[in-house]
$ cat model12.cif   # mmCIF, N, CA and C atoms
data_final
loop_
_atom_site.group_PDB
_atom_site.id
_atom_site.type_symbol
_atom_site.label_atom_id
_atom_site.label_comp_id
_atom_site.auth_asym_id
_atom_site.auth_seq_id
_atom_site.Cartn_x
_atom_site.Cartn_y
_atom_site.Cartn_z
ATOM 1 N N MET A 1 50.100 -20.157 -32.469
ATOM 2 C CA MET A 1 49.430 -20.497 -31.230
ATOM 3 C C MET A 1 49.317 -19.225 -30.390
ATOM 4 N N SER A 2 48.148 -19.024 -29.781
ATOM 5 C CA SER A 2 47.943 -17.828 -28.969
ATOM 6 C C SER A 2 48.792 -17.890 -27.705
ATOM 7 N N ALA A 3 49.042 -16.720 -27.135
ATOM 8 C CA ALA A 3 49.838 -16.653 -25.900
ATOM 9 C C ALA A 3 49.146 -17.414 -24.775
ATOM 10 N N GLY A 4 47.813 -17.321 -24.718
ATOM 11 C CA GLY A 4 47.061 -18.033 -23.678
ATOM 12 C C GLY A 4 47.217 -19.540 -23.787
ATOM 13 N N ARG A 5 47.098 -20.061 -24.995
ATOM 14 C CA ARG A 5 47.262 -21.509 -25.198
ATOM 15 C C ARG A 5 48.693 -21.945 -24.892
ATOM 16 N N GLN A 6 49.639 -21.120 -25.269
ATOM 17 C CA GLN A 6 51.041 -21.438 -25.006
ATOM 18 C C GLN A 6 51.305 -21.449 -23.500
ATOM 19 N N ALA A 7 50.702 -20.516 -22.784
ATOM 20 C CA ALA A 7 50.909 -20.432 -21.335
ATOM 21 C C ALA A 7 50.300 -21.620 -20.603
ATOM 22 N N THR A 8 49.213 -22.177 -21.124
ATOM 23 C CA THR A 8 48.561 -23.298 -20.436
ATOM 24 C C THR A 8 49.098 -24.661 -20.857
ATOM 25 N N ARG A 9 49.940 -24.703 -21.848
ATOM 26 C CA ARG A 9 50.485 -25.981 -22.320
ATOM 27 C C ARG A 9 51.141 -26.791 -21.194
ATOM 28 N N PRO A 10 52.006 -26.197 -20.353
ATOM 29 C CA PRO A 10 52.615 -26.988 -19.276
ATOM 30 C C PRO A 10 51.579 -27.597 -18.324
ATOM 31 N N VAL A 11 50.500 -26.879 -18.070
ATOM 32 C CA VAL A 11 49.455 -27.416 -17.185
ATOM 33 C C VAL A 11 48.840 -28.661 -17.813
ATOM 34 N N HIS A 12 48.529 -28.591 -19.081
ATOM 35 C CA HIS A 12 47.944 -29.745 -19.766
ATOM 36 C C HIS A 12 48.911 -30.929 -19.792
ATOM 37 N N GLN A 13 50.184 -30.659 -19.938
ATOM 38 C CA GLN A 13 51.176 -31.736 -19.959
ATOM 39 C C GLN A 13 51.316 -32.394 -18.590
ATOM 40 N N GLU A 14 51.180 -31.616 -17.537
ATOM 41 C CA GLU A 14 51.351 -32.131 -16.179
ATOM 42 C C GLU A 14 50.035 -32.572 -15.542
ATOM 43 N N TRP A 15 48.920 -32.414 -16.247
ATOM 44 C CA TRP A 15 47.598 -32.679 -15.666
ATOM 45 C C TRP A 15 47.490 -34.038 -14.979
ATOM 46 N N PRO A 16 48.057 -35.119 -15.526
ATOM 47 C CA PRO A 16 47.931 -36.413 -14.849
ATOM 48 C C PRO A 16 48.496 -36.423 -13.424
ATOM 49 N N ALA A 17 49.409 -35.528 -13.106
ATOM 50 C CA ALA A 17 49.996 -35.473 -11.766
ATOM 51 C C ALA A 17 49.136 -34.688 -10.787
ATOM 52 N N PHE A 18 48.138 -33.957 -11.293
ATOM 53 C CA PHE A 18 47.282 -33.149 -10.433
ATOM 54 C C PHE A 18 46.209 -34.017 -9.795
ATOM 55 N N GLY A 19 45.856 -33.703 -8.554
ATOM 56 C CA GLY A 19 44.718 -34.342 -7.906
ATOM 57 C C GLY A 19 43.480 -33.500 -8.144
ATOM 58 N N VAL A 20 42.411 -34.129 -8.550
ATOM 59 C CA VAL A 20 41.161 -33.416 -8.795
ATOM 60 C C VAL A 20 40.163 -33.855 -7.743
ATOM 61 N N VAL A 21 39.554 -32.886 -7.084
ATOM 62 C CA VAL A 21 38.623 -33.161 -5.998
ATOM 63 C C VAL A 21 37.264 -32.582 -6.352
ATOM 64 N N GLU A 22 36.229 -33.399 -6.200
ATOM 65 C CA GLU A 22 34.869 -32.916 -6.425
ATOM 66 C C GLU A 22 34.429 -32.096 -5.214
ATOM 67 N N VAL A 23 33.806 -30.971 -5.480
ATOM 68 C CA VAL A 23 33.302 -30.133 -4.388
ATOM 69 C C VAL A 23 31.945 -30.676 -3.967
ATOM 70 N N ASP A 24 31.891 -31.182 -2.747
ATOM 71 C CA ASP A 24 30.623 -31.650 -2.198
ATOM 72 C C ASP A 24 30.282 -30.800 -0.979
ATOM 73 N N GLN A 25 29.214 -31.127 -0.304
ATOM 74 C CA GLN A 25 28.753 -30.330 0.834
ATOM 75 C C GLN A 25 29.807 -30.266 1.939
ATOM 76 N N ALA A 26 30.434 -31.391 2.237
ATOM 77 C CA ALA A 26 31.437 -31.422 3.309
ATOM 78 C C ALA A 26 32.634 -30.538 2.973
ATOM 79 N N LEU A 27 33.111 -30.612 1.740
ATOM 80 C CA LEU A 27 34.248 -29.781 1.345
ATOM 81 C C LEU A 27 33.862 -28.308 1.384
ATOM 82 N N ALA A 28 32.668 -27.982 0.904
ATOM 83 C CA ALA A 28 32.213 -26.588 0.905
ATOM 84 C C ALA A 28 32.106 -26.049 2.328
ATOM 85 N N GLU A 29 31.612 -26.863 3.245
ATOM 86 C CA GLU A 29 31.506 -26.428 4.643
ATOM 87 C C GLU A 29 32.885 -26.249 5.264
ATOM 88 N N HIS A 30 33.805 -27.160 4.964
ATOM 89 C CA HIS A 30 35.172 -27.026 5.479
ATOM 90 C C HIS A 30 35.837 -25.779 4.898
ATOM 91 N N ALA A 31 35.617 -25.535 3.612
ATOM 92 C CA ALA A 31 36.169 -24.337 2.965
ATOM 93 C C ALA A 31 35.612 -23.071 3.601
ATOM 94 N N ALA A 32 34.330 -23.077 3.928
ATOM 95 C CA ALA A 32 33.722 -21.908 4.575
ATOM 96 C C ALA A 32 34.366 -21.655 5.935
ATOM 97 N N ALA A 33 34.615 -22.725 6.679
ATOM 98 C CA ALA A 33 35.266 -22.575 7.986
ATOM 99 C C ALA A 33 36.690 -22.048 7.823
ATOM 100 N N LEU A 34 37.420 -22.556 6.831
ATOM 101 C CA LEU A 34 38.776 -22.057 6.579
ATOM 102 C C LEU A 34 38.762 -20.588 6.179
ATOM 103 N N ALA A 35 37.790 -20.203 5.382
ATOM 104 C CA ALA A 35 37.686 -18.801 4.953
ATOM 105 C C ALA A 35 37.550 -17.891 6.158
ATOM 106 N N ILE A 36 36.761 -18.320 7.124
ATOM 107 C CA ILE A 36 36.555 -17.515 8.336
ATOM 108 C C ILE A 36 37.784 -17.589 9.238
ATOM 109 N N ASP A 37 38.242 -18.805 9.530
ATOM 110 C CA ASP A 37 39.346 -18.996 10.476
ATOM 111 C C ASP A 37 40.675 -18.435 9.984
ATOM 112 N N ARG A 38 40.914 -18.524 8.676
ATOM 113 C CA ARG A 38 42.209 -18.118 8.114
ATOM 114 C C ARG A 38 42.124 -16.850 7.277
ATOM 115 N N ASP A 39 40.974 -16.189 7.289
ATOM 116 C CA ASP A 39 40.766 -14.940 6.540
ATOM 117 C C ASP A 39 41.120 -15.114 5.060
ATOM 118 N N LEU A 40 40.518 -16.148 4.454
ATOM 119 C CA LEU A 40 40.786 -16.452 3.048
ATOM 120 C C LEU A 40 39.621 -16.052 2.159
ATOM 121 N N ARG A 41 39.922 -15.823 0.906
ATOM 122 C CA ARG A 41 38.884 -15.616 -0.099
ATOM 123 C C ARG A 41 38.260 -16.974 -0.422
ATOM 124 N N SER A 42 37.060 -16.937 -0.991
ATOM 125 C CA SER A 42 36.274 -18.151 -1.221
ATOM 126 C C SER A 42 37.028 -19.231 -1.999
ATOM 127 N N LEU A 43 37.516 -18.911 -3.177
ATOM 128 C CA LEU A 43 38.190 -19.945 -3.975
ATOM 129 C C LEU A 43 39.493 -20.403 -3.340
ATOM 130 N N ASP A 44 40.187 -19.494 -2.663
ATOM 131 C CA ASP A 44 41.410 -19.891 -1.961
ATOM 132 C C ASP A 44 41.089 -20.908 -0.870
ATOM 133 N N SER A 45 40.007 -20.675 -0.136
ATOM 134 C CA SER A 45 39.636 -21.612 0.928
ATOM 135 C C SER A 45 39.238 -22.966 0.340
ATOM 136 N N HIS A 46 38.618 -22.978 -0.833
ATOM 137 C CA HIS A 46 38.277 -24.246 -1.482
ATOM 138 C C HIS A 46 39.544 -24.990 -1.922
ATOM 139 N N HIS A 47 40.519 -24.274 -2.441
ATOM 140 C CA HIS A 47 41.777 -24.921 -2.835
ATOM 141 C C HIS A 47 42.469 -25.536 -1.623
ATOM 142 N N LEU A 48 42.489 -24.812 -0.524
ATOM 143 C CA LEU A 48 43.130 -25.325 0.681
ATOM 144 C C LEU A 48 42.368 -26.526 1.232
ATOM 145 N N ALA A 49 41.053 -26.451 1.261
ATOM 146 C CA ALA A 49 40.239 -27.575 1.743
ATOM 147 C C ALA A 49 40.454 -28.811 0.870
ATOM 148 N N ALA A 50 40.531 -28.621 -0.432
ATOM 149 C CA ALA A 50 40.766 -29.745 -1.345
ATOM 150 C C ALA A 50 42.141 -30.360 -1.104
ATOM 151 N N ALA A 51 43.140 -29.525 -0.889
ATOM 152 C CA ALA A 51 44.490 -30.033 -0.618
ATOM 153 C C ALA A 51 44.506 -30.845 0.670
ATOM 154 N N GLN A 52 43.777 -30.391 1.670
ATOM 155 C CA GLN A 52 43.719 -31.139 2.920
ATOM 156 C C GLN A 52 43.036 -32.488 2.720
ATOM 157 N N LEU A 53 42.033 -32.524 1.866
ATOM 158 C CA LEU A 53 41.346 -33.773 1.573
ATOM 159 C C LEU A 53 42.265 -34.743 0.831
ATOM 160 N N LEU A 54 43.091 -34.225 -0.060
ATOM 161 C CA LEU A 54 44.013 -35.043 -0.851
ATOM 162 C C LEU A 54 45.289 -35.405 -0.113
ATOM 163 N N ARG A 55 45.513 -34.808 1.017
ATOM 164 C CA ARG A 55 46.810 -34.873 1.693
ATOM 165 C C ARG A 55 47.453 -36.255 1.602
ATOM 166 N N THR A 56 48.633 -36.265 1.029
ATOM 167 C CA THR A 56 49.465 -37.458 0.938
ATOM 168 C C THR A 56 50.873 -37.053 1.356
ATOM 169 N N ASP A 57 51.735 -38.033 1.510
ATOM 170 C CA ASP A 57 53.113 -37.734 1.916
ATOM 171 C C ASP A 57 53.838 -36.854 0.909
ATOM 172 N N ASN A 58 53.483 -36.968 -0.365
ATOM 173 C CA ASN A 58 54.207 -36.208 -1.388
ATOM 174 C C ASN A 58 53.443 -34.984 -1.877
ATOM 175 N N LEU A 59 52.356 -34.621 -1.214
ATOM 176 C CA LEU A 59 51.583 -33.455 -1.635
ATOM 177 C C LEU A 59 52.354 -32.170 -1.353
ATOM 178 N N VAL A 60 52.441 -31.322 -2.339
ATOM 179 C CA VAL A 60 53.060 -30.004 -2.186
ATOM 180 C C VAL A 60 52.041 -28.975 -2.646
ATOM 181 N N PHE A 61 51.754 -28.013 -1.799
ATOM 182 C CA PHE A 61 50.799 -26.953 -2.094
ATOM 183 C C PHE A 61 51.586 -25.769 -2.638
ATOM 184 N N VAL A 62 51.257 -25.334 -3.840
ATOM 185 C CA VAL A 62 52.000 -24.253 -4.490
ATOM 186 C C VAL A 62 51.110 -23.031 -4.614
ATOM 187 N N THR A 63 51.586 -21.908 -4.095
ATOM 188 C CA THR A 63 50.856 -20.647 -4.206
ATOM 189 C C THR A 63 51.821 -19.484 -4.052
ATOM 190 N N CYS A 64 51.496 -18.395 -4.705
ATOM 191 C CA CYS A 64 52.255 -17.154 -4.535
ATOM 192 C C CYS A 64 51.398 -16.099 -3.855
ATOM 193 N N ASP A 65 50.242 -16.501 -3.357
ATOM 194 C CA ASP A 65 49.355 -15.607 -2.625
ATOM 195 C C ASP A 65 49.761 -15.631 -1.151
ATOM 196 N N ARG A 66 50.097 -14.496 -0.610
ATOM 197 C CA ARG A 66 50.630 -14.437 0.760
ATOM 198 C C ARG A 66 49.661 -14.997 1.805
ATOM 199 N N ARG A 67 48.413 -14.617 1.706
ATOM 200 C CA ARG A 67 47.433 -15.065 2.697
ATOM 201 C C ARG A 67 47.222 -16.582 2.610
ATOM 202 N N LEU A 68 47.083 -17.081 1.397
ATOM 203 C CA LEU A 68 46.886 -18.520 1.206
ATOM 204 C C LEU A 68 48.144 -19.294 1.592
ATOM 205 N N HIS A 69 49.300 -18.750 1.293
ATOM 206 C CA HIS A 69 50.579 -19.369 1.664
ATOM 207 C C HIS A 69 50.660 -19.530 3.182
ATOM 208 N N ALA A 70 50.369 -18.457 3.903
ATOM 209 C CA ALA A 70 50.418 -18.500 5.369
ATOM 210 C C ALA A 70 49.397 -19.487 5.923
ATOM 211 N N ALA A 71 48.211 -19.510 5.348
ATOM 212 C CA ALA A 71 47.162 -20.417 5.816
ATOM 213 C C ALA A 71 47.555 -21.873 5.579
ATOM 214 N N ALA A 72 48.101 -22.173 4.412
ATOM 215 C CA ALA A 72 48.508 -23.543 4.101
ATOM 216 C C ALA A 72 49.617 -24.005 5.044
ATOM 217 N N GLN A 73 50.570 -23.127 5.326
ATOM 218 C CA GLN A 73 51.626 -23.475 6.279
ATOM 219 C C GLN A 73 51.039 -23.696 7.671
ATOM 220 N N ALA A 74 50.134 -22.821 8.087
ATOM 221 C CA ALA A 74 49.511 -22.949 9.405
ATOM 222 C C ALA A 74 48.707 -24.242 9.521
ATOM 223 N N GLU A 75 48.185 -24.719 8.402
ATOM 224 C CA GLU A 75 47.422 -25.970 8.391
ATOM 225 C C GLU A 75 48.328 -27.193 8.263
ATOM 226 N N GLY A 76 49.648 -26.966 8.223
ATOM 227 C CA GLY A 76 50.607 -28.062 8.229
ATOM 228 C C GLY A 76 50.958 -28.653 6.880
ATOM 229 N N LEU A 77 50.616 -27.959 5.792
ATOM 230 C CA LEU A 77 50.950 -28.460 4.461
ATOM 231 C C LEU A 77 52.370 -28.061 4.073
ATOM 232 N N SER A 78 52.968 -28.860 3.225
ATOM 233 C CA SER A 78 54.247 -28.509 2.624
ATOM 234 C C SER A 78 53.947 -27.507 1.519
ATOM 235 N N VAL A 79 54.543 -26.310 1.594
ATOM 236 C CA VAL A 79 54.184 -25.221 0.684
ATOM 237 C C VAL A 79 55.409 -24.750 -0.098
ATOM 238 N N LEU A 80 55.204 -24.524 -1.381
ATOM 239 C CA LEU A 80 56.221 -23.916 -2.239
ATOM 240 C C LEU A 80 55.659 -22.658 -2.858
ATOM 241 N N PRO A 81 56.478 -21.648 -3.027
ATOM 242 C CA PRO A 81 57.856 -21.550 -2.555
ATOM 243 C C PRO A 81 57.893 -21.528 -1.025
ATOM 244 N N ALA A 82 59.038 -21.865 -0.472
ATOM 245 C CA ALA A 82 59.159 -21.945 0.983
ATOM 246 C C ALA A 82 58.865 -20.613 1.653
ATOM 247 N N THR A 83 59.273 -19.536 1.029
ATOM 248 C CA THR A 83 58.993 -18.193 1.549
ATOM 249 C C THR A 83 58.572 -17.302 0.393
ATOM 250 N N LEU A 84 57.841 -16.268 0.739
ATOM 251 C CA LEU A 84 57.458 -15.256 -0.247
ATOM 252 C C LEU A 84 58.113 -13.948 0.138
ATOM 253 N N ASP A 85 58.757 -13.308 -0.810
ATOM 254 C CA ASP A 85 59.413 -12.018 -0.536
ATOM 255 C C ASP A 85 58.434 -10.886 -0.708
#
$ encode --input "model12.cif" --output "structure tokens"
Amino acid sequence: MSAGRQATRPVHQEWPAFGVVEVDQALAEHAAALAIDRDLRSLDSHHLAAAQLLRTDNLVFVTCDRRLHAAAQAEGLSVLPATLD
């Protein structure tokens, strides 16, 4: 098995626990606003906008990107890891 396939195996196993959000006009517009307001890159702002749309009591936003981490915390999401060194 290739290293790439081996690395993605856990994602495929956990896929049922992931929330999948369709990108529509409203989400794209919200993502654009987040990109401007929170100084995010395009795909990062889409991930954050999707998480906000999915927001549930048990939603945890996971990122190791400092800018996205700070933005998600500022938007009131539960973020892991709790801090980035």
$ resolve_selection --input "model12.cif" --expression "the PyMOL selection byres ((chain A and resi 79-85) around 5)" --output "PDB file with N, CA and C atoms, in the coordinates of the input"
ATOM      1  N   PHE A  61      51.754 -28.013  -1.799  1.00  0.00           N
ATOM      2  CA  PHE A  61      50.799 -26.953  -2.094  1.00  0.00           C
ATOM      3  C   PHE A  61      51.586 -25.769  -2.638  1.00  0.00           C
ATOM      4  N   VAL A  62      51.257 -25.334  -3.840  1.00  0.00           N
ATOM      5  CA  VAL A  62      52.000 -24.253  -4.490  1.00  0.00           C
ATOM      6  C   VAL A  62      51.110 -23.031  -4.614  1.00  0.00           C
ATOM      7  N   THR A  63      51.586 -21.908  -4.095  1.00  0.00           N
ATOM      8  CA  THR A  63      50.856 -20.647  -4.206  1.00  0.00           C
ATOM      9  C   THR A  63      51.821 -19.484  -4.052  1.00  0.00           C
ATOM     10  N   LEU A  77      50.616 -27.959   5.792  1.00  0.00           N
ATOM     11  CA  LEU A  77      50.950 -28.460   4.461  1.00  0.00           C
ATOM     12  C   LEU A  77      52.370 -28.061   4.073  1.00  0.00           C
ATOM     13  N   SER A  78      52.968 -28.860   3.225  1.00  0.00           N
ATOM     14  CA  SER A  78      54.247 -28.509   2.624  1.00  0.00           C
ATOM     15  C   SER A  78      53.947 -27.507   1.519  1.00  0.00           C
TER      16      SER A  78
END
$ closest_residue --input "model12.cif" --among "A:Ala71, A:Leu59, A:Val11, A:Ala26" --to "A:Asp39" --atoms "only C-alpha atoms"
A:Ala71
$ resolve_selection --input "model12.cif" --expression "the PyMOL selection byres (((chain A and resi 38 and name CA) around 12) and name CA)" --output "NGL selection string"
:A and (30-37 or 39-42 or 44-45 or 48-49 or 66-75)
$ write_last_selection --input "model12.cif" --atoms "N, CA and C atoms" --output "JSON list (two decimals), in the coordinates of the input"
[["chain", "number", "residue", "atom", "x", "y", "z"],
["A", 30, "HIS", "N", 33.80, -27.16, 4.96],
["A", 30, "HIS", "CA", 35.17, -27.03, 5.48],
["A", 30, "HIS", "C", 35.84, -25.78, 4.90],
["A", 31, "ALA", "N", 35.62, -25.54, 3.61],
["A", 31, "ALA", "CA", 36.17, -24.34, 2.96],
["A", 31, "ALA", "C", 35.61, -23.07, 3.60],
["A", 32, "ALA", "N", 34.33, -23.08, 3.93],
["A", 32, "ALA", "CA", 33.72, -21.91, 4.58],
["A", 32, "ALA", "C", 34.37, -21.66, 5.94],
["A", 33, "ALA", "N", 34.62, -22.72, 6.68],
["A", 33, "ALA", "CA", 35.27, -22.58, 7.99],
["A", 33, "ALA", "C", 36.69, -22.05, 7.82],
["A", 34, "LEU", "N", 37.42, -22.56, 6.83],
["A", 34, "LEU", "CA", 38.78, -22.06, 6.58],
["A", 34, "LEU", "C", 38.76, -20.59, 6.18],
["A", 35, "ALA", "N", 37.79, -20.20, 5.38],
["A", 35, "ALA", "CA", 37.69, -18.80, 4.95],
["A", 35, "ALA", "C", 37.55, -17.89, 6.16],
["A", 36, "ILE", "N", 36.76, -18.32, 7.12],
["A", 36, "ILE", "CA", 36.56, -17.52, 8.34],
["A", 36, "ILE", "C", 37.78, -17.59, 9.24],
["A", 37, "ASP", "N", 38.24, -18.80, 9.53],
["A", 37, "ASP", "CA", 39.35, -19.00, 10.48],
["A", 37, "ASP", "C", 40.67, -18.43, 9.98],
["A", 39, "ASP", "N", 40.97, -16.19, 7.29],
["A", 39, "ASP", "CA", 40.77, -14.94, 6.54],
["A", 39, "ASP", "C", 41.12, -15.11, 5.06],
["A", 40, "LEU", "N", 40.52, -16.15, 4.45],
["A", 40, "LEU", "CA", 40.79, -16.45, 3.05],
["A", 40, "LEU", "C", 39.62, -16.05, 2.16],
["A", 41, "ARG", "N", 39.92, -15.82, 0.91],
["A", 41, "ARG", "CA", 38.88, -15.62, -0.10],
["A", 41, "ARG", "C", 38.26, -16.97, -0.42],
["A", 42, "SER", "N", 37.06, -16.94, -0.99],
["A", 42, "SER", "CA", 36.27, -18.15, -1.22],
["A", 42, "SER", "C", 37.03, -19.23, -2.00],
["A", 44, "ASP", "N", 40.19, -19.49, -2.66],
["A", 44, "ASP", "CA", 41.41, -19.89, -1.96],
["A", 44, "ASP", "C", 41.09, -20.91, -0.87],
["A", 45, "SER", "N", 40.01, -20.68, -0.14],
["A", 45, "SER", "CA", 39.64, -21.61, 0.93],
["A", 45, "SER", "C", 39.24, -22.97, 0.34],
["A", 48, "LEU", "N", 42.49, -24.81, -0.52],
["A", 48, "LEU", "CA", 43.13, -25.32, 0.68],
["A", 48, "LEU", "C", 42.37, -26.53, 1.23],
["A", 49, "ALA", "N", 41.05, -26.45, 1.26],
["A", 49, "ALA", "CA", 40.24, -27.58, 1.74],
["A", 49, "ALA", "C", 40.45, -28.81, 0.87],
["A", 66, "ARG", "N", 50.10, -14.50, -0.61],
["A", 66, "ARG", "CA", 50.63, -14.44, 0.76],
["A", 66, "ARG", "C", 49.66, -15.00, 1.80],
["A", 67, "ARG", "N", 48.41, -14.62, 1.71],
["A", 67, "ARG", "CA", 47.43, -15.06, 2.70],
["A", 67, "ARG", "C", 47.22, -16.58, 2.61],
["A", 68, "LEU", "N", 47.08, -17.08, 1.40],
["A", 68, "LEU", "CA", 46.89, -18.52, 1.21],
["A", 68, "LEU", "C", 48.14, -19.29, 1.59],
["A", 69, "HIS", "N", 49.30, -18.75, 1.29],
["A", 69, "HIS", "CA", 50.58, -19.37, 1.66],
["A", 69, "HIS", "C", 50.66, -19.53, 3.18],
["A", 70, "ALA", "N", 50.37, -18.46, 3.90],
["A", 70, "ALA", "CA", 50.42, -18.50, 5.37],
["A", 70, "ALA", "C", 49.40, -19.49, 5.92],
["A", 71, "ALA", "N", 48.21, -19.51, 5.35],
["A", 71, "ALA", "CA", 47.16, -20.42, 5.82],
["A", 71, "ALA", "C", 47.56, -21.87, 5.58],
["A", 72, "ALA", "N", 48.10, -22.17, 4.41],
["A", 72, "ALA", "CA", 48.51, -23.54, 4.10],
["A", 72, "ALA", "C", 49.62, -24.00, 5.04],
["A", 73, "GLN", "N", 50.57, -23.13, 5.33],
["A", 73, "GLN", "CA", 51.63, -23.48, 6.28],
["A", 73, "GLN", "C", 51.04, -23.70, 7.67],
["A", 74, "ALA", "N", 50.13, -22.82, 8.09],
["A", 74, "ALA", "CA", 49.51, -22.95, 9.40],
["A", 74, "ALA", "C", 48.71, -24.24, 9.52],
["A", 75, "GLU", "N", 48.18, -24.72, 8.40],
["A", 75, "GLU", "CA", 47.42, -25.97, 8.39],
["A", 75, "GLU", "C", 48.33, -27.19, 8.26]]
$ select_by_dssp --input "model12.cif" --residues "chain A" --states "helix (DSSP H, G or I)" --output "count of residues only"
50
$ resolve_selection --input "model12.cif" --expression "the PyMOL selection byres (((chain A and resi 14-23 and name CA) around 9) and name CA)" --output "tab-separated table (two decimals) with N, CA and C atoms, keeping the file's coordinate frame"
chain	number	residue	atom	x	y	z
A	9	ARG	N	49.94	-24.70	-21.85
A	9	ARG	CA	50.48	-25.98	-22.32
A	9	ARG	C	51.14	-26.79	-21.19
A	10	PRO	N	52.01	-26.20	-20.35
A	10	PRO	CA	52.62	-26.99	-19.28
A	10	PRO	C	51.58	-27.60	-18.32
A	11	VAL	N	50.50	-26.88	-18.07
A	11	VAL	CA	49.46	-27.42	-17.18
A	11	VAL	C	48.84	-28.66	-17.81
A	12	HIS	N	48.53	-28.59	-19.08
A	12	HIS	CA	47.94	-29.74	-19.77
A	12	HIS	C	48.91	-30.93	-19.79
A	13	GLN	N	50.18	-30.66	-19.94
A	13	GLN	CA	51.18	-31.74	-19.96
A	13	GLN	C	51.32	-32.39	-18.59
A	24	ASP	N	31.89	-31.18	-2.75
A	24	ASP	CA	30.62	-31.65	-2.20
A	24	ASP	C	30.28	-30.80	-0.98
A	25	GLN	N	29.21	-31.13	-0.30
A	25	GLN	CA	28.75	-30.33	0.83
A	25	GLN	C	29.81	-30.27	1.94
A	26	ALA	N	30.43	-31.39	2.24
A	26	ALA	CA	31.44	-31.42	3.31
A	26	ALA	C	32.63	-30.54	2.97
A	27	LEU	N	33.11	-30.61	1.74
A	27	LEU	CA	34.25	-29.78	1.34
A	27	LEU	C	33.86	-28.31	1.38
A	28	ALA	N	32.67	-27.98	0.90
A	28	ALA	CA	32.21	-26.59	0.90
A	28	ALA	C	32.11	-26.05	2.33
A	46	HIS	N	38.62	-22.98	-0.83
A	46	HIS	CA	38.28	-24.25	-1.48
A	46	HIS	C	39.54	-24.99	-1.92
A	50	ALA	N	40.53	-28.62	-0.43
A	50	ALA	CA	40.77	-29.74	-1.34
A	50	ALA	C	42.14	-30.36	-1.10
A	51	ALA	N	43.14	-29.52	-0.89
A	51	ALA	CA	44.49	-30.03	-0.62
A	51	ALA	C	44.51	-30.84	0.67
A	53	LEU	N	42.03	-32.52	1.87
A	53	LEU	CA	41.35	-33.77	1.57
A	53	LEU	C	42.26	-34.74	0.83
A	54	LEU	N	43.09	-34.22	-0.06
A	54	LEU	CA	44.01	-35.04	-0.85
A	54	LEU	C	45.29	-35.40	-0.11
$ atom_distance --input "model12.cif" --atom1 "atom C of A:Leu43" --atom2 "atom C of A:Ser2"
26.2 Å
$ atom_distance --input "model12.cif" --atom1 "atom C of A:Thr8" --atom2 "atom N of A:Gln52"
23.8 Å
$ atom_distance --input "model12.cif" --atom1 "atom C of A:His47" --atom2 "atom CA of A:Cys64"
13.2 Å
$ axis_aligned_box --input "model12.cif" --around "stretch 65-74 of chain A" --padding-each-side "8 Å" --output "AutoDock Vina command-line options"
--center_x 49.3 --center_y -19.3 --center_z 3.1 --size_x 20.7 --size_y 25.8 --size_z 28.9
